Amino acid sequence: MPRSLLTSGSSLAFVIAMAACPGVASANEELLRLQQDPNQWVMPTGDYANTRYSALDQINKDNVGDLRVDWTFSTGVLRGHEGGPLIIDGVMYVHTPFPNNVYALDLNNDGQILWSYKPTQDPDVIPVMCCDTVNRGVAYGDGMIFLHQADTTLVALDAKTGEVKWSVKDGDPTKGETGTSAPMVVKDKVIIGNSGGEFGVRGKVTAYNTQTGEIAWRAYSVGPDDEMLVDPQQTTELGKPIGENSSLNSWEGDQWQIGGGTTWGWLSYDPELNLVYYGTGNPSTWNPVQRPGDNKWSMTIFARDADTGMAKWVYQMTPHDEWDYDGVNEMDLFDRPINGQERKLLVHMDRNGFGYTLDRETGELLVAEKFDPVVNWATRVDIETGKPERDPRYSTEANGEDVNTTGVCPAALGSKDQQPAAYSPQTGLLYVPTNHVCMDYEPYQVAYTAGQPYVGATLSMYPPEGEDNLGNFIAWDPVAGEIKWSIPEPFSVWSGALATAGDVVFYGTLEGYLKAVDAQTGEELYSFKTPSGIIGNVTTYTHNRKQYIAVLSGVGGWAGIGMAAGLTGDTEGLGAVGAYKSLDQYTQLGGTLTVFSLPD
Amino acid sequence: MFPYRSFLTVAALCGGSFALGAALIAPAAFGTAATPTDGAESEEKPYSIAEDGTVDWATYNGYRRYNSVCFQCHGPDGLGSTFAPALVESLKVIPYEQFLEIVVNGRENVTTATESKMPALGADPNVMCYINDIYAYLKARSDGAVGRGRPAKHQDKPPEAAEAEDACMG
């Protein structure tokens with residue numbers, strides 16, 4: 001029997017919030033159950049802990065070489081496709097970059113479109129999205145699909161019909177504030193961050209009631225204590241209270257008001273501790289000379305109470321950033337013994353090139369080591385003070401305005417950007433997609449105008465001296481702080497990884513290859529070239545007891561900036577690296593979902 | 001560097017955007033952005049490059065400013081990205097006046113196949129105070145007179161340029 005196609009028109013986006021529905025089961029219990037069910041992929045991060053690990057093992061290292069394409073779906077959008085689909089009860093939810101369409105595909109009926117949601121957004125939002133109009137995915141909870149649109153609208157859609165239940169505007173795109181991040185549903189709240197660090201946007205995280213769309217709490221990254229939801233005595237950094245006006249005292253005058261610290265990365269949640277974790281982005285502007293102080297709490301890991309938003313602990317990784325090393329990358333949560341004692345860990349592979357391992361209950365810093373040997377802006381991180389020891393040669397602050405600081409590693413896009421890693425409890429290793437790029441950085445005077453770029457630095461990027469690979473896919477031991485193995489890739493690895501109980505790790509490349517490697521050795525077991533470069537995240541699920549692997553391809557994002565250009569070796573002071581091939585010799589635009597399986 | 005006619009265009013266009021109530025800086029201030037250091041240069045060739053490759057300050061500063069406000073969309077060295085055109089090619093067909101008009105007022109190309117939008121930058125001093133420098137750099141790139149990356153040698157910042165910058169940026 002044919003299913004009816006329900007298309008929710010743009011006018012539905014403006015439907016006023018529906019009345020609250022008391023008595024609906026808490027999203028907590030349903031989601032707690034579903035996120036542990038490997039047959040579904042119920043949240044963009046795979047699970048609350050952000051491990052991107054699946055207990056499925058039908059596809060394993062012995063048979064993954066037989067993988068083949070089962071079916072495909074074109075998204076109809078050309079821009080960069082980050083994130084990945086959700087799979088819940090036989091329905092797959094696929095999102096697109098701007099205009100942020102959502103499709104519900106019926107896996108029981110050959111992928112027929114059950115409903116689609118196509119919002120109408122003012123195109124004015126397009127040019128204020130700093131690095132392509134990406135979107136990192138939708139969230140599920142309480143029978144609804146939550147979409148965080150480019151124009152900062154958070155919309156709740158009925159998961160069965162696509163009908164708009166409510167919609168709210170989270171921010172002001174005319175001031176450069178946009179939405180790119182995936183929401184996360186925790187208990188009866190849906191939580192989102194914001195984007196716009198290159199426009200002087202003030203970072204914040206907001207929790208909305210899933211039933212009504214009303215704000216439950218909102219916590220800014222910078223500013224007065226009450227607006228940041230921090231307690232001067234109870235909120236700690238490395239075990240010590242942060243004190244009063246910790247942020248205000250670290251900025252000159254009212255610069256914090258345009259101080260950045262946006263929150264466009266991934267959220268994690270520990271149900272036992274009831275803490276939500278995320279990182280904040282760069283302080284605005286990119287010219288460090290113009291904003292004296294530590295610029296708290298930009299570049300910071302936050303642990304917040306899920307119910308109240310109150311910060312339990314913070315840790316600022318890069319005080320007074322001089323290189324645009326946003327701290328937004330995902331927090332991977334798992335337990336492992338350290339020195340014979342089981343610890344609740346939080347592992348964070350930061351843009352600044354250090355892999356941090358902390359106690360996620362207390363915020364104690366346990367490990368901080370470079371995960372790319374070329375990282376040079378700091379020699380080490382002092383575990384006691386948590387402070388990076390900077391090399392003055394690469395300090396754009398010390399060298400000053402109008403001076404070109406050369407050979408800084410990593411480049412502004414970081415040793416790793418938002419592309420999430422995967423953690424396998426079987427191997428105890430984190431599988432990390434990384435960038436291997438260095439830069440010249442010249443800061444200079446810049447003026448703030450609301451809604452206009454507020455950057456203040458010139459950058460050029462290139463491979464590290466004497467090398468020509470711009471990325472590596474690495475296995476990282478988060479306890480020892482060591483690289484276990486490393487696979488060089490010609491371009492930055494901009495795709496989220498997937499680890500499975502089949503002892504296989506999957507990732508995508510910018511040329512468009514979906515690759516499967518041995519979780520123990522990194523040996524390549526399978527490779528298939530999808531229609532476009534992959535900046536999406538690999539997912540897995542079962543349907544009718546058969547395991548599938550799914551990934552979005554569609555090149556773009558920050559990675560698409562150098563698409564036509566490639567990198568040349570003629571940058572001064574770096575010698576002959578050799579001309580580097582450009583990405584457009586390998587791939588072109590276009591969003592496609594590709595789904596793989598083993599032959600029957 | 002630019003003939004008086006272009007000067008007027010800058011002021012007129014900037015004035016237009018102020019009428020929309022978006023700017024903080026007086027239109028006359030943007031006029032000082034055209035730092036005419038060499039009156040002999042023509043509009044068709046708004047840059048000067050010495051025999052040894054030393055580029056004039058405007059071209060060098062244009063490189064710096066391009067990489068601050070333009071490169072996020074138009075890619076490194078004007079070579080384009082997955083979502084904005086290569087200006088190295090555009091400037092082969094777009095005359096100065098049209099370049100200025102697009103920068104000031106923006107441009108939209110939203111169809112079923114593409115969603116690209118250039119913002120109106122007429123109210124942004126980080127762009128408008130240096131727009132002629134940015135044009136000089138891009139024109140030099142477009143003409144093949146300047147290669148990729150940071151120009152290796154450049155003229156020192158002339159005092160007039162520093163004064164104009166301070167006056168324009170406020």
# chains A, B, ... in the order shown; residues from 1 in each chain; ligands from 1

$ interface_residues --of "chain B" --to "chain A" --cutoff "8 Å" --atoms "only C-alpha atoms" --output "compact mmCIF listing (two decimals) with all heavy atoms, in the first residue's frame"
# COMPACT_ATOMS: atom_id res chain seq x y z
N ALA B 23 26.02 52.69 8.99
CA ALA B 23 27.44 52.93 9.22
C ALA B 23 27.71 53.91 10.35
O ALA B 23 26.85 54.66 10.76
CB ALA B 23 28.10 53.43 7.95
N ARG B 64 47.02 41.70 2.19
CA ARG B 64 46.72 41.46 3.61
C ARG B 64 45.22 41.58 3.89
O ARG B 64 44.62 40.76 4.58
CB ARG B 64 47.46 42.47 4.50
CG ARG B 64 48.96 42.43 4.35
CD ARG B 64 49.61 43.17 5.50
NE ARG B 64 49.04 44.49 5.72
CZ ARG B 64 49.13 45.15 6.87
NH1 ARG B 64 49.73 44.59 7.91
NH2 ARG B 64 48.61 46.35 7.00
N ARG B 65 44.64 42.64 3.34
CA ARG B 65 43.22 42.88 3.63
C ARG B 65 42.33 41.87 2.92
O ARG B 65 41.31 41.46 3.45
CB ARG B 65 42.86 44.31 3.24
CG ARG B 65 43.57 45.35 4.10
CD ARG B 65 43.03 45.33 5.53
NE ARG B 65 43.92 46.02 6.45
CZ ARG B 65 43.66 46.24 7.74
NH1 ARG B 65 42.52 45.80 8.27
NH2 ARG B 65 44.51 46.84 8.53
N TYR B 66 42.71 41.48 1.72
CA TYR B 66 41.96 40.43 1.03
C TYR B 66 41.88 39.18 1.90
O TYR B 66 40.82 38.56 2.06
CB TYR B 66 42.62 40.08 -0.31
CG TYR B 66 41.99 38.86 -0.95
CD1 TYR B 66 40.86 38.99 -1.75
CD2 TYR B 66 42.48 37.58 -0.70
CE1 TYR B 66 40.24 37.87 -2.28
CE2 TYR B 66 41.88 36.46 -1.22
CZ TYR B 66 40.76 36.61 -2.01
OH TYR B 66 40.14 35.50 -2.53
N ASN B 67 43.02 38.84 2.50
CA ASN B 67 43.07 37.62 3.30
C ASN B 67 42.38 37.74 4.64
O ASN B 67 42.26 36.77 5.38
CB ASN B 67 44.52 37.16 3.48
CG ASN B 67 44.99 36.39 2.28
OD1 ASN B 67 44.61 35.27 2.06
ND2 ASN B 67 45.79 37.05 1.46
N SER B 68 41.96 38.94 4.98
CA SER B 68 41.20 39.11 6.20
C SER B 68 39.70 39.03 5.93
O SER B 68 38.97 38.34 6.64
CB SER B 68 41.54 40.46 6.83
OG SER B 68 40.74 40.68 7.96
N VAL B 69 39.25 39.73 4.92
CA VAL B 69 37.80 39.87 4.75
C VAL B 69 37.22 39.16 3.53
O VAL B 69 36.01 39.03 3.42
CB VAL B 69 37.39 41.37 4.70
CG1 VAL B 69 37.55 41.99 6.07
CG2 VAL B 69 38.19 42.12 3.67
N PHE B 71 38.95 36.22 1.79
CA PHE B 71 39.45 34.89 1.49
C PHE B 71 38.58 33.78 2.06
O PHE B 71 38.54 32.68 1.53
CB PHE B 71 40.92 34.78 1.93
CG PHE B 71 41.21 33.73 2.95
CD1 PHE B 71 41.67 32.47 2.56
CD2 PHE B 71 41.02 33.99 4.29
CE1 PHE B 71 41.94 31.49 3.51
CE2 PHE B 71 41.30 33.01 5.24
CZ PHE B 71 41.75 31.76 4.84
N GLN B 72 37.81 34.10 3.13
CA GLN B 72 36.96 33.06 3.73
C GLN B 72 35.97 32.50 2.72
O GLN B 72 35.52 31.37 2.87
CB GLN B 72 36.18 33.61 4.93
CG GLN B 72 37.02 33.80 6.17
CD GLN B 72 37.75 35.12 6.21
OE1 GLN B 72 37.83 35.82 5.21
NE2 GLN B 72 38.29 35.47 7.36
N CYS B 73 35.59 33.31 1.73
CA CYS B 73 34.70 32.80 0.69
C CYS B 73 35.43 32.65 -0.66
O CYS B 73 35.23 31.67 -1.36
CB CYS B 73 33.50 33.72 0.51
SG CYS B 73 32.40 33.72 1.94
N HIS B 74 36.23 33.66 -1.01
CA HIS B 74 36.80 33.65 -2.36
C HIS B 74 38.12 32.89 -2.46
O HIS B 74 38.74 32.89 -3.53
CB HIS B 74 36.96 35.09 -2.86
CG HIS B 74 35.64 35.75 -3.16
ND1 HIS B 74 34.89 35.45 -4.27
CD2 HIS B 74 34.92 36.67 -2.46
CE1 HIS B 74 33.77 36.17 -4.26
NE2 HIS B 74 33.75 36.91 -3.17
N GLY B 75 38.52 32.26 -1.34
CA GLY B 75 39.66 31.35 -1.39
C GLY B 75 41.00 32.03 -1.38
O GLY B 75 41.12 33.24 -1.57
N PRO B 76 42.07 31.24 -1.15
CA PRO B 76 43.41 31.82 -1.09
C PRO B 76 43.82 32.41 -2.43
O PRO B 76 43.52 31.84 -3.49
CB PRO B 76 44.30 30.62 -0.71
CG PRO B 76 43.50 29.42 -1.01
CD PRO B 76 42.06 29.80 -0.89
N ASP B 77 44.45 33.54 -2.40
CA ASP B 77 45.05 34.16 -3.59
C ASP B 77 44.02 34.46 -4.68
O ASP B 77 44.35 34.49 -5.86
CB ASP B 77 46.17 33.28 -4.13
CG ASP B 77 47.15 32.85 -3.05
OD1 ASP B 77 47.57 33.72 -2.27
OD2 ASP B 77 47.46 31.64 -2.96
N LEU B 79 41.61 32.60 -5.74
CA LEU B 79 41.40 31.47 -6.64
C LEU B 79 40.04 30.80 -6.49
O LEU B 79 39.77 29.79 -7.13
CB LEU B 79 42.52 30.45 -6.44
CG LEU B 79 43.88 30.90 -6.99
CD1 LEU B 79 44.99 29.99 -6.50
CD2 LEU B 79 43.87 30.93 -8.51
N GLY B 80 39.18 31.33 -5.62
CA GLY B 80 37.82 30.79 -5.52
C GLY B 80 37.73 29.64 -4.54
O GLY B 80 38.73 29.14 -4.03
N SER B 81 36.49 29.24 -4.23
CA SER B 81 36.25 28.13 -3.31
C SER B 81 35.07 27.34 -3.83
O SER B 81 34.60 27.57 -4.95
CB SER B 81 35.94 28.66 -1.91
OG SER B 81 34.64 29.20 -1.88
N THR B 82 34.56 26.43 -3.01
CA THR B 82 33.39 25.67 -3.44
C THR B 82 32.13 26.53 -3.45
O THR B 82 31.10 26.09 -3.93
CB THR B 82 33.15 24.47 -2.50
OG1 THR B 82 33.12 24.94 -1.16
CG2 THR B 82 34.25 23.43 -2.63
N PHE B 83 32.21 27.73 -2.90
CA PHE B 83 30.97 28.52 -2.82
C PHE B 83 31.11 29.98 -3.21
O PHE B 83 30.20 30.75 -3.01
CB PHE B 83 30.37 28.40 -1.41
CG PHE B 83 31.36 28.53 -0.30
CD1 PHE B 83 31.63 29.76 0.26
CD2 PHE B 83 32.03 27.42 0.18
CE1 PHE B 83 32.54 29.88 1.29
CE2 PHE B 83 32.96 27.53 1.20
CZ PHE B 83 33.21 28.76 1.75
N VAL B 110 20.55 33.25 -6.10
CA VAL B 110 19.87 32.13 -5.45
C VAL B 110 18.87 31.55 -6.43
O VAL B 110 17.90 32.18 -6.81
CB VAL B 110 19.16 32.58 -4.16
CG1 VAL B 110 18.41 31.41 -3.53
CG2 VAL B 110 20.17 33.14 -3.17
N ALA B 113 19.48 25.75 -8.34
CA ALA B 113 20.74 25.01 -8.39
C ALA B 113 21.80 25.57 -7.45
O ALA B 113 22.73 24.87 -7.09
CB ALA B 113 21.27 25.01 -9.82
N THR B 114 21.66 26.81 -7.06
CA THR B 114 22.74 27.41 -6.28
C THR B 114 22.18 28.41 -5.28
O THR B 114 21.11 28.97 -5.49
CB THR B 114 23.77 28.09 -7.20
OG1 THR B 114 24.85 28.56 -6.39
CG2 THR B 114 23.17 29.28 -7.94
N GLU B 115 22.88 28.55 -4.18
CA GLU B 115 22.50 29.56 -3.21
C GLU B 115 23.76 30.35 -2.87
O GLU B 115 24.43 30.05 -1.90
CB GLU B 115 21.95 28.96 -1.92
CG GLU B 115 20.72 28.10 -2.10
CD GLU B 115 21.06 26.63 -2.16
OE1 GLU B 115 22.16 26.26 -1.77
OE2 GLU B 115 20.21 25.86 -2.62
N SER B 116 24.12 31.31 -3.70
CA SER B 116 25.29 32.10 -3.35
C SER B 116 24.88 33.55 -3.16
O SER B 116 23.97 34.04 -3.82
CB SER B 116 26.40 31.95 -4.38
OG SER B 116 25.93 32.28 -5.64
N LYS B 117 25.54 34.17 -2.21
CA LYS B 117 25.18 35.54 -1.87
C LYS B 117 26.42 36.26 -1.41
O LYS B 117 27.12 35.81 -0.51
CB LYS B 117 24.14 35.52 -0.75
CG LYS B 117 23.93 36.88 -0.12
CD LYS B 117 22.50 37.32 -0.17
CE LYS B 117 22.43 38.78 0.27
NZ LYS B 117 21.11 39.34 0.11
N MET B 118 26.69 37.38 -2.06
CA MET B 118 27.78 38.26 -1.66
C MET B 118 27.18 39.33 -0.76
O MET B 118 26.18 39.95 -1.10
CB MET B 118 28.37 38.89 -2.93
CG MET B 118 29.23 40.10 -2.71
SD MET B 118 30.96 39.69 -2.46
CE MET B 118 31.59 41.33 -2.12
N PRO B 119 27.74 39.52 0.44
CA PRO B 119 27.16 40.52 1.34
C PRO B 119 27.46 41.94 0.87
O PRO B 119 28.43 42.17 0.15
CB PRO B 119 27.87 40.24 2.66
CG PRO B 119 29.17 39.65 2.28
CD PRO B 119 28.94 38.89 1.00
N LEU B 121 29.08 45.18 1.59
CA LEU B 121 30.17 45.52 2.50
C LEU B 121 30.42 47.02 2.58
O LEU B 121 31.41 47.48 3.14
CB LEU B 121 31.45 44.80 2.06
CG LEU B 121 31.37 43.27 2.13
CD1 LEU B 121 32.52 42.63 1.39
CD2 LEU B 121 31.35 42.80 3.58
N ALA B 123 29.32 49.28 4.31
CA ALA B 123 29.37 49.91 5.63
C ALA B 123 30.52 49.36 6.47
O ALA B 123 30.63 49.71 7.64
CB ALA B 123 28.05 49.68 6.36
N ASP B 124 31.34 48.51 5.89
CA ASP B 124 32.42 47.88 6.66
C ASP B 124 33.74 48.61 6.42
O ASP B 124 34.33 48.51 5.35
CB ASP B 124 32.54 46.42 6.25
CG ASP B 124 33.52 45.67 7.14
OD1 ASP B 124 34.27 46.33 7.90
OD2 ASP B 124 33.55 44.43 7.06
N PRO B 125 34.22 49.34 7.43
CA PRO B 125 35.48 50.07 7.24
C PRO B 125 36.66 49.15 6.96
O PRO B 125 37.60 49.56 6.27
CB PRO B 125 35.67 50.81 8.57
CG PRO B 125 34.79 50.12 9.56
CD PRO B 125 33.66 49.53 8.77
N ASN B 126 36.61 47.91 7.45
CA ASN B 126 37.72 46.99 7.18
C ASN B 126 37.83 46.65 5.70
O ASN B 126 38.87 46.21 5.24
CB ASN B 126 37.54 45.69 7.97
CG ASN B 126 37.46 45.92 9.45
OD1 ASN B 126 38.34 46.57 10.02
ND2 ASN B 126 36.38 45.46 10.07
N ARG B 148 51.10 33.70 -6.48
CA ARG B 148 50.36 33.24 -5.31
C ARG B 148 51.13 33.55 -4.03
O ARG B 148 52.34 33.75 -4.05
CB ARG B 148 50.14 31.73 -5.41
CG ARG B 148 49.21 31.36 -6.55
CD ARG B 148 48.65 29.97 -6.34
NE ARG B 148 48.10 29.84 -4.99
CZ ARG B 148 47.67 28.70 -4.49
NH1 ARG B 148 47.75 27.61 -5.20
NH2 ARG B 148 47.18 28.65 -3.27
N GLY B 149 50.43 33.58 -2.93
CA GLY B 149 51.06 33.79 -1.63
C GLY B 149 51.41 35.24 -1.37
O GLY B 149 51.02 36.15 -2.11
N ARG B 150 52.14 35.45 -0.30
CA ARG B 150 52.49 36.80 0.14
C ARG B 150 53.58 37.36 -0.76
O ARG B 150 54.60 36.70 -0.98
CB ARG B 150 53.01 36.70 1.58
CG ARG B 150 53.58 37.98 2.15
CD ARG B 150 54.05 37.72 3.57
NE ARG B 150 52.90 37.38 4.41
CZ ARG B 150 52.25 38.28 5.14
NH1 ARG B 150 52.62 39.53 5.17
NH2 ARG B 150 51.21 37.90 5.85
N ALA B 152 56.83 38.74 -1.84
CA ALA B 152 58.06 38.59 -1.07
C ALA B 152 58.63 39.95 -0.64
O ALA B 152 59.12 40.10 0.46
CB ALA B 152 59.09 37.82 -1.88
N MET B 169 39.72 54.44 9.76
CA MET B 169 39.31 53.41 10.73
C MET B 169 38.81 54.03 12.03
O MET B 169 38.16 53.34 12.83
CB MET B 169 40.48 52.47 11.03
CG MET B 169 40.96 51.68 9.85
SD MET B 169 39.81 50.39 9.34
CE MET B 169 40.13 49.14 10.58

$ atom_distance --atom1 "CA of Gly265 (chain A)" --atom2 "CA of Thr379 (chain A)"
26.2 Å

$ closest_residue --among "B:Ala140, B:Ala145, B:Ala50, B:Cys129" --to "Asp166 (chain B)" --atoms "only C-alpha atoms"
B:Cys129

$ residues_around --residues "region 200-216 of chain A" --least-positions-apart "5" --cutoff "8 Å" --atoms "only C-alpha atoms" --output "ChimeraX atom specification"
/A:17-21,141-142,156,166-168,175-177,185,188-195,221-222,256-263,280-281,284-285,308,448,450,453-454

$ residues_around --residues "Val367 (chain A)" --least-positions-apart "4" --cutoff "9 Å" --atoms "only C-alpha atoms" --output "list in words"
Gly355, Tyr356, Thr357, Leu358, Val381, Ile383, Pro478, Val479, Ala480 and Gly481 of chain A

$ closest_residue --among "A:Gly90, A:Gly363, A:Pro388, A:Gly522" --to "Tyr277 (chain A)" --atoms "only C-alpha atoms"
A:Gly363

$ residues_around --residues "Ala162 (chain B)" --least-positions-apart "5" --cutoff "12 Å" --atoms "only C-alpha atoms" --output "ChimeraX atom specification"
/A:402,445 /B:32-33,35,57-58,61,129-130,156-157,167-170

$ write_last_selection --atoms "C-alpha atoms" --output "compact mmCIF listing (two decimals), in the first residue's frame"
# COMPACT_ATOMS: atom_id res chain seq x y z
CA ASP A 402 51.71 44.26 10.95
CA GLN A 445 44.10 46.64 13.40
CA THR B 32 40.67 58.84 2.11
CA ALA B 33 40.93 55.12 1.49
CA THR B 35 45.65 56.48 -1.09
CA TRP B 57 52.33 49.33 -0.56
CA ALA B 58 48.75 49.40 -1.83
CA ASN B 61 48.19 45.91 1.81
CA CYS B 129 39.03 51.82 3.92
CA TYR B 130 41.18 49.50 1.82
CA ASP B 156 57.36 50.38 3.16
CA LYS B 157 54.12 51.76 4.49
CA ALA B 167 41.46 58.69 9.70
CA CYS B 168 39.33 56.08 8.01
CA MET B 169 39.31 53.41 10.73
CA GLY B 170 38.62 55.94 13.43

$ atom_distance --atom1 "CA of Arg351 (chain A)" --atom2 "CA of Ile301 (chain A)"
12.5 Å

$ atom_distance --atom1 "CA of Leu552 (chain A)" --atom2 "CA of Val276 (chain A)"
27.3 Å

$ residues_around --residues "Ser142 (chain B)" --least-positions-apart "3" --cutoff "9 Å" --atoms "only C-alpha atoms" --output "list in words"
Gly78, Leu87, Val88, Glu89, Ser90, Leu91, Lys92, Tyr137, Leu138, Lys139, Ala145 and Val146 of chain B

$ write_last_selection --atoms "C-alpha atoms" --output "CSV table (one decimal), in the first residue's frame"
chain,number,residue,atom,x,y,z
B,78,GLY,CA,41.7,35.0,-5.3
B,87,LEU,CA,38.2,36.8,-8.4
B,88,VAL,CA,41.3,36.3,-10.4
B,89,GLU,CA,39.0,35.3,-13.3
B,90,SER,CA,36.2,37.8,-12.4
B,91,LEU,CA,38.4,40.8,-12.7
B,92,LYS,CA,39.3,39.9,-16.3
B,137,TYR,CA,46.1,43.4,-5.4
B,138,LEU,CA,43.3,41.4,-7.2
B,139,LYS,CA,44.0,43.2,-10.5
B,145,ALA,CA,51.7,40.4,-12.3
B,146,VAL,CA,51.7,39.0,-8.8

$ residues_around --residues "Glu384 (chain A)" --least-positions-apart "4" --cutoff "10 Å" --atoms "only C-alpha atoms" --output "PDB file with N, CA and C atoms, in the first residue's frame"
ATOM      1  N   LEU A 238      40.715  23.497  37.404  1.00  0.00           N
ATOM      2  CA  LEU A 238      41.775  22.654  37.967  1.00  0.00           C
ATOM      3  C   LEU A 238      41.687  22.647  39.492  1.00  0.00           C
ATOM      4  N   GLU A 364      40.049  17.687  36.652  1.00  0.00           N
ATOM      5  CA  GLU A 364      41.499  17.555  36.851  1.00  0.00           C
ATOM      6  C   GLU A 364      42.169  17.183  35.528  1.00  0.00           C
ATOM      7  N   LEU A 365      43.281  17.856  35.238  1.00  0.00           N
ATOM      8  CA  LEU A 365      44.003  17.584  33.997  1.00  0.00           C
ATOM      9  C   LEU A 365      44.962  16.421  34.224  1.00  0.00           C
ATOM     10  N   LEU A 366      44.851  15.388  33.377  1.00  0.00           N
ATOM     11  CA  LEU A 366      45.658  14.175  33.574  1.00  0.00           C
ATOM     12  C   LEU A 366      46.741  14.025  32.509  1.00  0.00           C
TER      13      LEU A 366
END

$ decode --residues "region 152-163 of chain B" --atoms "N, CA, C and O atoms" --output "mmCIF file, in the first residue's frame"
data_model
loop_
_atom_site.group_PDB
_atom_site.id
_atom_site.type_symbol
_atom_site.label_atom_id
_atom_site.label_comp_id
_atom_site.auth_asym_id
_atom_site.auth_seq_id
_atom_site.Cartn_x
_atom_site.Cartn_y
_atom_site.Cartn_z
ATOM 1 N N ALA B 152 56.827 38.743 -1.841
ATOM 2 C CA ALA B 152 58.065 38.594 -1.069
ATOM 3 C C ALA B 152 58.626 39.945 -0.644
ATOM 4 O O ALA B 152 59.125 40.101 0.461
ATOM 5 N N LYS B 153 58.574 40.910 -1.536
ATOM 6 C CA LYS B 153 59.136 42.235 -1.219
ATOM 7 C C LYS B 153 58.085 43.308 -1.465
ATOM 8 O O LYS B 153 57.362 43.254 -2.462
ATOM 9 N N HIS B 154 58.062 44.270 -0.567
ATOM 10 C CA HIS B 154 57.083 45.334 -0.751
ATOM 11 C C HIS B 154 57.633 46.660 -0.259
ATOM 12 O O HIS B 154 58.517 46.697 0.612
ATOM 13 N N GLN B 155 57.077 47.714 -0.838
ATOM 14 C CA GLN B 155 57.402 49.084 -0.441
ATOM 15 C C GLN B 155 56.990 49.276 1.028
ATOM 16 O O GLN B 155 56.011 48.681 1.488
ATOM 17 N N ASP B 156 57.743 50.085 1.769
ATOM 18 C CA ASP B 156 57.357 50.383 3.155
ATOM 19 C C ASP B 156 56.039 51.140 3.185
ATOM 20 O O ASP B 156 55.644 51.766 2.204
ATOM 21 N N LYS B 157 55.395 51.075 4.338
ATOM 22 C CA LYS B 157 54.115 51.765 4.489
ATOM 23 C C LYS B 157 54.361 53.277 4.445
ATOM 24 O O LYS B 157 55.048 53.805 5.329
ATOM 25 N N PRO B 158 53.831 53.967 3.436
ATOM 26 C CA PRO B 158 54.065 55.417 3.368
ATOM 27 C C PRO B 158 53.284 56.142 4.467
ATOM 28 O O PRO B 158 52.207 55.676 4.860
ATOM 29 N N PRO B 159 53.831 57.247 4.971
ATOM 30 C CA PRO B 159 53.139 57.980 6.040
ATOM 31 C C PRO B 159 51.704 58.345 5.652
ATOM 32 O O PRO B 159 50.807 58.303 6.497
ATOM 33 N N GLU B 160 51.481 58.663 4.356
ATOM 34 C CA GLU B 160 50.119 59.028 3.934
ATOM 35 C C GLU B 160 49.155 57.849 4.150
ATOM 36 O O GLU B 160 48.006 58.036 4.540
ATOM 37 N N ALA B 161 49.665 56.652 3.879
ATOM 38 C CA ALA B 161 48.798 55.484 4.040
ATOM 39 C C ALA B 161 48.442 55.289 5.506
ATOM 40 O O ALA B 161 47.300 54.954 5.852
ATOM 41 N N ALA B 162 49.433 55.492 6.379
ATOM 42 C CA ALA B 162 49.171 55.346 7.816
ATOM 43 C C ALA B 162 48.159 56.385 8.284
ATOM 44 O O ALA B 162 47.232 56.073 9.041
ATOM 45 N N GLU B 163 48.340 57.615 7.807
ATOM 46 C CA GLU B 163 47.404 58.687 8.185
ATOM 47 C C GLU B 163 46.002 58.379 7.677
ATOM 48 O O GLU B 163 45.012 58.505 8.412
#
